[in-house]
Amino acid sequence: MTSHTPPHSAPQPIDGRRARSQRGRLATLEAMIDLINEGHAPPTAQQVAQRAGISVATLFRYFETLEDLRQYATQQCLERFAHLFELPEISCGTTEEKITSLVASRLAQYQAIGPIARLIRWRAFDTPDVQTTLHQQRQNQTQQLAQHFAQELRSHSPDDQEDLLASLIALTSFEAWDQQSQDQQHSNKRIAASWQKTLTSLLSTV
């Protein structure tokens, strides 16, 4: 009885059309993100298509609507900068050191995500998913501050703790930074000095 060696499976051919589609879709997302970061918020379909080197018709083969593209681009951008949303060395050091690390972390985050953060807030008015994302981010930052300054907050009454935490959040929020940097044209160095001074005053034990 003759034994037969089973033939090796032939390599699966690469689906060139699918690969091109994936590359085109990624290029479209990157084009949207780049335009947002350059201050085109929100970019038009024509701007995105031109930057990506595709036609508008092709853009809408990759994404059903422009809002669909914005949603994917927003998510990808947030994932790209996810590390900036984490407060380093949380609750470590003296009050002064914790204030310094908080201010540096927040300013680095806002500087990096400024354009996309403005787009998120603009879209949050009529997009429930974006409202949820924004709410979750705010909740995360609230929890971070509560943990970061837990020792300082303990020296106050429960009601005062709640009010103080709300003040800390408002002072170091994206909206506060955006107003000072855009409307008042303050440099990050000036904003940092202002925040550090006010945070020190707020967190001083009565």
# chains A, B, ... in the order shown; residues from 1 in each chain; ligands from 1
>>> residues_around(residues="Leu202 of chain A", least_positions_apart="5", cutoff="10 Å", atoms="only C-alpha atoms", output="PyMOL selection string")
chain A and resi 152+164-165+167-168+196-197
>>> write_last_selection(atoms="N, CA, C and O atoms", output="PDB file, in the first residue's frame")
ATOM      1  N   GLU A 152      -5.399  65.931  52.073  1.00  0.00           N
ATOM      2  CA  GLU A 152      -5.746  67.332  52.275  1.00  0.00           C
ATOM      3  C   GLU A 152      -7.251  67.510  52.484  1.00  0.00           C
ATOM      4  O   GLU A 152      -7.682  68.336  53.289  1.00  0.00           O
ATOM      5  N   LEU A 164     -14.888  71.860  48.024  1.00  0.00           N
ATOM      6  CA  LEU A 164     -13.481  72.051  47.665  1.00  0.00           C
ATOM      7  C   LEU A 164     -13.117  71.228  46.437  1.00  0.00           C
ATOM      8  O   LEU A 164     -12.439  71.722  45.522  1.00  0.00           O
ATOM      9  N   LEU A 165     -13.578  69.998  46.396  1.00  0.00           N
ATOM     10  CA  LEU A 165     -13.293  69.140  45.247  1.00  0.00           C
ATOM     11  C   LEU A 165     -13.894  69.737  43.975  1.00  0.00           C
ATOM     12  O   LEU A 165     -13.255  69.724  42.915  1.00  0.00           O
ATOM     13  N   SER A 167     -14.358  72.853  43.368  1.00  0.00           N
ATOM     14  CA  SER A 167     -13.527  74.010  42.999  1.00  0.00           C
ATOM     15  C   SER A 167     -12.229  73.566  42.325  1.00  0.00           C
ATOM     16  O   SER A 167     -11.783  74.177  41.351  1.00  0.00           O
ATOM     17  N   LEU A 168     -11.630  72.494  42.840  1.00  0.00           N
ATOM     18  CA  LEU A 168     -10.398  71.974  42.244  1.00  0.00           C
ATOM     19  C   LEU A 168     -10.636  71.507  40.811  1.00  0.00           C
ATOM     20  O   LEU A 168      -9.823  71.741  39.914  1.00  0.00           O
ATOM     21  N   GLN A 196      -1.161  76.947  40.344  1.00  0.00           N
ATOM     22  CA  GLN A 196      -0.418  76.502  41.528  1.00  0.00           C
ATOM     23  C   GLN A 196      -0.695  77.415  42.720  1.00  0.00           C
ATOM     24  O   GLN A 196      -0.893  76.935  43.846  1.00  0.00           O
ATOM     25  N   LYS A 197      -0.743  78.708  42.482  1.00  0.00           N
ATOM     26  CA  LYS A 197      -1.003  79.660  43.553  1.00  0.00           C
ATOM     27  C   LYS A 197      -2.409  79.458  44.126  1.00  0.00           C
ATOM     28  O   LYS A 197      -2.603  79.428  45.353  1.00  0.00           O
TER      29      LYS A 197
END
>>> closest_atom_pairs(of="segment 89-164 of chain A", to="segment 61-75 of chain A", cutoff="9 Å", atoms="only C-alpha atoms", output="JSON lines")
{"residue": "A:Ile116", "atom": "CA", "partner": "A:Thr74", "partner_atom": "CA", "distance": 6.9}
{"residue": "A:Ala117", "atom": "CA", "partner": "A:Thr74", "partner_atom": "CA", "distance": 8.9}
{"residue": "A:Leu119", "atom": "CA", "partner": "A:Thr74", "partner_atom": "CA", "distance": 8.5}
{"residue": "A:Ile120", "atom": "CA", "partner": "A:Thr74", "partner_atom": "CA", "distance": 7.5}
{"residue": "A:Asp129", "atom": "CA", "partner": "A:Gln71", "partner_atom": "CA", "distance": 9.0}
{"residue": "A:Val130", "atom": "CA", "partner": "A:Gln71", "partner_atom": "CA", "distance": 8.2}
>>> select_by_dssp(residues="segment 39-103 of chain A", states="helix (DSSP H, G or I)", output="ChimeraX atom specification")
/A:45-52,56-62,66-80,82-85,95-103
>>> closest_residue(among="A:Leu145, A:Leu134, A:Ala19, A:Leu35", to="Ile99 of chain A", atoms="only C-alpha atoms")
A:Leu145
>>> closest_residue(among="A:Glu38, A:Asp178, A:Asp183, A:Glu86", to="Gln111 of chain A", atoms="only C-alpha atoms")
A:Asp178
>>> residues_around(residues="His83 of chain A", least_positions_apart="3", cutoff="12 Å", atoms="only C-alpha atoms", output="MDAnalysis selection string")
chainID A and resid 77:80 86:88 105:106 108:109 112:113
>>> write_last_selection(atoms="N, CA, C and O atoms", output="PDB file, in the first residue's frame")
ATOM      1  N   CYS A  77      -8.270  59.119  18.348  1.00  0.00           N
ATOM      2  CA  CYS A  77      -7.455  60.192  18.903  1.00  0.00           C
ATOM      3  C   CYS A  77      -7.370  60.066  20.423  1.00  0.00           C
ATOM      4  O   CYS A  77      -6.294  60.239  21.019  1.00  0.00           O
ATOM      5  N   LEU A  78      -8.482  59.760  21.067  1.00  0.00           N
ATOM      6  CA  LEU A  78      -8.486  59.584  22.520  1.00  0.00           C
ATOM      7  C   LEU A  78      -7.619  58.394  22.926  1.00  0.00           C
ATOM      8  O   LEU A  78      -6.926  58.441  23.952  1.00  0.00           O
ATOM      9  N   GLU A  79      -7.634  57.334  22.129  1.00  0.00           N
ATOM     10  CA  GLU A  79      -6.790  56.179  22.423  1.00  0.00           C
ATOM     11  C   GLU A  79      -5.316  56.537  22.262  1.00  0.00           C
ATOM     12  O   GLU A  79      -4.464  56.085  23.031  1.00  0.00           O
ATOM     13  N   ARG A  80      -5.013  57.371  21.278  1.00  0.00           N
ATOM     14  CA  ARG A  80      -3.632  57.785  21.040  1.00  0.00           C
ATOM     15  C   ARG A  80      -3.071  58.538  22.243  1.00  0.00           C
ATOM     16  O   ARG A  80      -1.895  58.395  22.583  1.00  0.00           O
ATOM     17  N   GLU A  86      -3.949  59.801  32.547  1.00  0.00           N
ATOM     18  CA  GLU A  86      -3.579  59.209  33.820  1.00  0.00           C
ATOM     19  C   GLU A  86      -2.717  60.189  34.602  1.00  0.00           C
ATOM     20  O   GLU A  86      -1.762  60.747  34.062  1.00  0.00           O
ATOM     21  N   LEU A  87      -3.044  60.388  35.862  1.00  0.00           N
ATOM     22  CA  LEU A  87      -2.286  61.292  36.712  1.00  0.00           C
ATOM     23  C   LEU A  87      -1.089  60.534  37.282  1.00  0.00           C
ATOM     24  O   LEU A  87      -1.258  59.569  38.023  1.00  0.00           O
ATOM     25  N   PRO A  88       0.144  60.932  36.938  1.00  0.00           N
ATOM     26  CA  PRO A  88       1.316  60.184  37.400  1.00  0.00           C
ATOM     27  C   PRO A  88       1.561  60.376  38.897  1.00  0.00           C
ATOM     28  O   PRO A  88       1.266  61.425  39.456  1.00  0.00           O
ATOM     29  N   SER A 105       0.604  67.738  34.597  1.00  0.00           N
ATOM     30  CA  SER A 105      -0.113  66.688  33.884  1.00  0.00           C
ATOM     31  C   SER A 105      -1.298  67.241  33.106  1.00  0.00           C
ATOM     32  O   SER A 105      -1.503  66.908  31.930  1.00  0.00           O
ATOM     33  N   ARG A 106      -2.089  68.098  33.749  1.00  0.00           N
ATOM     34  CA  ARG A 106      -3.268  68.646  33.095  1.00  0.00           C
ATOM     35  C   ARG A 106      -2.879  69.532  31.900  1.00  0.00           C
ATOM     36  O   ARG A 106      -3.498  69.456  30.833  1.00  0.00           O
ATOM     37  N   ALA A 108      -0.162  69.410  30.058  1.00  0.00           N
ATOM     38  CA  ALA A 108       0.348  68.570  28.969  1.00  0.00           C
ATOM     39  C   ALA A 108      -0.808  67.896  28.230  1.00  0.00           C
ATOM     40  O   ALA A 108      -0.808  67.802  26.995  1.00  0.00           O
ATOM     41  N   GLN A 109      -1.788  67.431  28.988  1.00  0.00           N
ATOM     42  CA  GLN A 109      -2.957  66.789  28.388  1.00  0.00           C
ATOM     43  C   GLN A 109      -3.732  67.767  27.513  1.00  0.00           C
ATOM     44  O   GLN A 109      -4.039  67.471  26.354  1.00  0.00           O
ATOM     45  N   ALA A 112      -2.084  68.809  24.260  1.00  0.00           N
ATOM     46  CA  ALA A 112      -2.074  67.752  23.244  1.00  0.00           C
ATOM     47  C   ALA A 112      -3.447  67.518  22.627  1.00  0.00           C
ATOM     48  O   ALA A 112      -3.558  67.269  21.421  1.00  0.00           O
ATOM     49  N   ILE A 113      -4.488  67.589  23.437  1.00  0.00           N
ATOM     50  CA  ILE A 113      -5.824  67.204  22.948  1.00  0.00           C
ATOM     51  C   ILE A 113      -6.735  68.400  22.705  1.00  0.00           C
ATOM     52  O   ILE A 113      -7.911  68.216  22.444  1.00  0.00           O
TER      53      ILE A 113
END
>>> closest_residue(among="A:Thr198, A:Thr58, A:Ser187, A:Gln141", to="Arg20 of chain A", atoms="only C-alpha atoms")
A:Thr58
>>> decode(residues="segment 73-89 of chain A", atoms="all heavy atoms", output="mmCIF file, in the first residue's frame")
data_model
loop_
_atom_site.group_PDB
_atom_site.id
_atom_site.type_symbol
_atom_site.label_atom_id
_atom_site.label_comp_id
_atom_site.auth_asym_id
_atom_site.auth_seq_id
_atom_site.Cartn_x
_atom_site.Cartn_y
_atom_site.Cartn_z
ATOM 1 N N ALA A 73 -12.736 58.831 14.379
ATOM 2 C CA ALA A 73 -11.531 59.645 14.539
ATOM 3 C C ALA A 73 -11.382 60.121 15.979
ATOM 4 O O ALA A 73 -10.273 60.138 16.526
ATOM 5 C CB ALA A 73 -11.569 60.842 13.594
ATOM 6 N N THR A 74 -12.491 60.509 16.593
ATOM 7 C CA THR A 74 -12.461 60.945 17.995
ATOM 8 C C THR A 74 -11.980 59.821 18.891
ATOM 9 O O THR A 74 -11.110 60.015 19.758
ATOM 10 C CB THR A 74 -13.858 61.405 18.448
ATOM 11 O OG1 THR A 74 -14.261 62.533 17.666
ATOM 12 C CG2 THR A 74 -13.848 61.802 19.916
ATOM 13 N N GLN A 75 -12.515 58.624 18.687
ATOM 14 C CA GLN A 75 -12.132 57.484 19.506
ATOM 15 C C GLN A 75 -10.664 57.142 19.318
ATOM 16 O O GLN A 75 -9.938 56.880 20.287
ATOM 17 C CB GLN A 75 -12.995 56.265 19.159
ATOM 18 C CG GLN A 75 -12.780 55.075 20.073
ATOM 19 C CD GLN A 75 -13.110 55.385 21.523
ATOM 20 O OE1 GLN A 75 -14.073 56.096 21.812
ATOM 21 N NE2 GLN A 75 -12.292 54.873 22.430
ATOM 22 N N GLN A 76 -10.195 57.158 18.073
ATOM 23 C CA GLN A 76 -8.797 56.823 17.807
ATOM 24 C C GLN A 76 -7.862 57.865 18.409
ATOM 25 O O GLN A 76 -6.802 57.529 18.938
ATOM 26 C CB GLN A 76 -8.564 56.717 16.299
ATOM 27 C CG GLN A 76 -7.144 56.297 15.935
ATOM 28 C CD GLN A 76 -7.049 55.769 14.521
ATOM 29 O OE1 GLN A 76 -7.893 54.995 14.073
ATOM 30 N NE2 GLN A 76 -6.019 56.185 13.801
ATOM 31 N N CYS A 77 -8.270 59.119 18.348
ATOM 32 C CA CYS A 77 -7.455 60.192 18.903
ATOM 33 C C CYS A 77 -7.370 60.066 20.423
ATOM 34 O O CYS A 77 -6.294 60.239 21.019
ATOM 35 C CB CYS A 77 -8.042 61.543 18.516
ATOM 36 S SG CYS A 77 -6.934 62.944 18.805
ATOM 37 N N LEU A 78 -8.482 59.760 21.067
ATOM 38 C CA LEU A 78 -8.486 59.584 22.520
ATOM 39 C C LEU A 78 -7.619 58.394 22.926
ATOM 40 O O LEU A 78 -6.926 58.441 23.952
ATOM 41 C CB LEU A 78 -9.915 59.392 23.021
ATOM 42 C CG LEU A 78 -10.821 60.626 22.951
ATOM 43 C CD1 LEU A 78 -12.238 60.276 23.391
ATOM 44 C CD2 LEU A 78 -10.270 61.770 23.802
ATOM 45 N N GLU A 79 -7.634 57.334 22.129
ATOM 46 C CA GLU A 79 -6.790 56.179 22.423
ATOM 47 C C GLU A 79 -5.316 56.537 22.262
ATOM 48 O O GLU A 79 -4.464 56.085 23.031
ATOM 49 C CB GLU A 79 -7.165 55.017 21.499
ATOM 50 C CG GLU A 79 -8.529 54.406 21.803
ATOM 51 C CD GLU A 79 -8.959 53.375 20.786
ATOM 52 O OE1 GLU A 79 -8.157 53.105 19.839
ATOM 53 O OE2 GLU A 79 -10.066 52.829 20.910
ATOM 54 N N ARG A 80 -5.013 57.371 21.278
ATOM 55 C CA ARG A 80 -3.632 57.785 21.040
ATOM 56 C C ARG A 80 -3.071 58.538 22.243
ATOM 57 O O ARG A 80 -1.895 58.395 22.583
ATOM 58 C CB ARG A 80 -3.558 58.673 19.791
ATOM 59 C CG ARG A 80 -2.162 59.194 19.491
ATOM 60 C CD ARG A 80 -2.180 60.229 18.378
ATOM 61 N NE ARG A 80 -2.603 59.683 17.094
ATOM 62 C CZ ARG A 80 -2.681 60.403 15.982
ATOM 63 N NH1 ARG A 80 -2.382 61.704 16.012
ATOM 64 N NH2 ARG A 80 -3.067 59.853 14.852
ATOM 65 N N PHE A 81 -3.917 59.345 22.888
ATOM 66 C CA PHE A 81 -3.459 60.170 24.005
ATOM 67 C C PHE A 81 -3.938 59.642 25.357
ATOM 68 O O PHE A 81 -3.947 60.374 26.338
ATOM 69 C CB PHE A 81 -3.948 61.611 23.818
ATOM 70 C CG PHE A 81 -3.377 62.294 22.606
ATOM 71 C CD1 PHE A 81 -4.199 62.670 21.552
ATOM 72 C CD2 PHE A 81 -2.015 62.560 22.520
ATOM 73 C CE1 PHE A 81 -3.677 63.299 20.430
ATOM 74 C CE2 PHE A 81 -1.482 63.186 21.410
ATOM 75 C CZ PHE A 81 -2.309 63.553 20.353
ATOM 76 N N ALA A 82 -4.316 58.365 25.408
ATOM 77 C CA ALA A 82 -4.873 57.799 26.647
ATOM 78 C C ALA A 82 -3.919 57.950 27.819
ATOM 79 O O ALA A 82 -4.350 58.179 28.961
ATOM 80 C CB ALA A 82 -5.217 56.326 26.430
ATOM 81 N N HIS A 83 -2.606 57.840 27.559
ATOM 82 C CA HIS A 83 -1.637 57.930 28.653
ATOM 83 C C HIS A 83 -1.647 59.291 29.331
ATOM 84 O O HIS A 83 -1.279 59.424 30.498
ATOM 85 C CB HIS A 83 -0.229 57.637 28.131
ATOM 86 C CG HIS A 83 0.256 58.627 27.109
ATOM 87 N ND1 HIS A 83 -0.225 58.660 25.806
ATOM 88 C CD2 HIS A 83 1.167 59.639 27.189
ATOM 89 C CE1 HIS A 83 0.377 59.619 25.139
ATOM 90 N NE2 HIS A 83 1.218 60.232 25.954
ATOM 91 N N LEU A 84 -2.082 60.327 28.622
ATOM 92 C CA LEU A 84 -2.099 61.673 29.194
ATOM 93 C C LEU A 84 -3.268 61.871 30.158
ATOM 94 O O LEU A 84 -3.282 62.853 30.905
ATOM 95 C CB LEU A 84 -2.181 62.722 28.081
ATOM 96 C CG LEU A 84 -0.965 62.807 27.148
ATOM 97 C CD1 LEU A 84 -1.214 63.826 26.045
ATOM 98 C CD2 LEU A 84 0.290 63.162 27.928
ATOM 99 N N PHE A 85 -4.225 60.956 30.142
ATOM 100 C CA PHE A 85 -5.378 61.072 31.042
ATOM 101 C C PHE A 85 -5.104 60.452 32.414
ATOM 102 O O PHE A 85 -5.920 60.583 33.316
ATOM 103 C CB PHE A 85 -6.611 60.418 30.410
ATOM 104 C CG PHE A 85 -7.166 61.179 29.247
ATOM 105 C CD1 PHE A 85 -6.640 61.036 27.976
ATOM 106 C CD2 PHE A 85 -8.217 62.069 29.430
ATOM 107 C CE1 PHE A 85 -7.148 61.757 26.903
ATOM 108 C CE2 PHE A 85 -8.739 62.793 28.361
ATOM 109 C CZ PHE A 85 -8.196 62.631 27.089
ATOM 110 N N GLU A 86 -3.949 59.801 32.547
ATOM 111 C CA GLU A 86 -3.579 59.209 33.820
ATOM 112 C C GLU A 86 -2.717 60.189 34.602
ATOM 113 O O GLU A 86 -1.762 60.747 34.062
ATOM 114 C CB GLU A 86 -2.825 57.894 33.599
ATOM 115 C CG GLU A 86 -3.644 56.826 32.882
ATOM 116 C CD GLU A 86 -4.895 56.446 33.636
ATOM 117 O OE1 GLU A 86 -4.839 56.385 34.892
ATOM 118 O OE2 GLU A 86 -5.932 56.210 32.989
ATOM 119 N N LEU A 87 -3.044 60.388 35.862
ATOM 120 C CA LEU A 87 -2.286 61.292 36.712
ATOM 121 C C LEU A 87 -1.089 60.534 37.282
ATOM 122 O O LEU A 87 -1.258 59.569 38.023
ATOM 123 C CB LEU A 87 -3.172 61.817 37.836
ATOM 124 C CG LEU A 87 -2.640 62.961 38.692
ATOM 125 C CD1 LEU A 87 -2.275 64.159 37.831
ATOM 126 C CD2 LEU A 87 -3.671 63.372 39.734
ATOM 127 N N PRO A 88 0.144 60.932 36.938
ATOM 128 C CA PRO A 88 1.316 60.184 37.400
ATOM 129 C C PRO A 88 1.561 60.376 38.897
ATOM 130 O O PRO A 88 1.266 61.425 39.456
ATOM 131 C CB PRO A 88 2.458 60.802 36.579
ATOM 132 C CG PRO A 88 1.991 62.198 36.277
ATOM 133 C CD PRO A 88 0.498 62.084 36.098
ATOM 134 N N GLU A 89 2.083 59.345 39.513
ATOM 135 C CA GLU A 89 2.442 59.381 40.938
ATOM 136 C C GLU A 89 1.284 59.936 41.780
ATOM 137 O O GLU A 89 1.448 60.834 42.600
ATOM 138 C CB GLU A 89 3.703 60.217 41.149
ATOM 139 C CG GLU A 89 4.916 59.652 40.423
ATOM 140 C CD GLU A 89 6.168 60.478 40.674
ATOM 141 O OE1 GLU A 89 6.057 61.590 41.209
ATOM 142 O OE2 GLU A 89 7.260 59.990 40.328
#
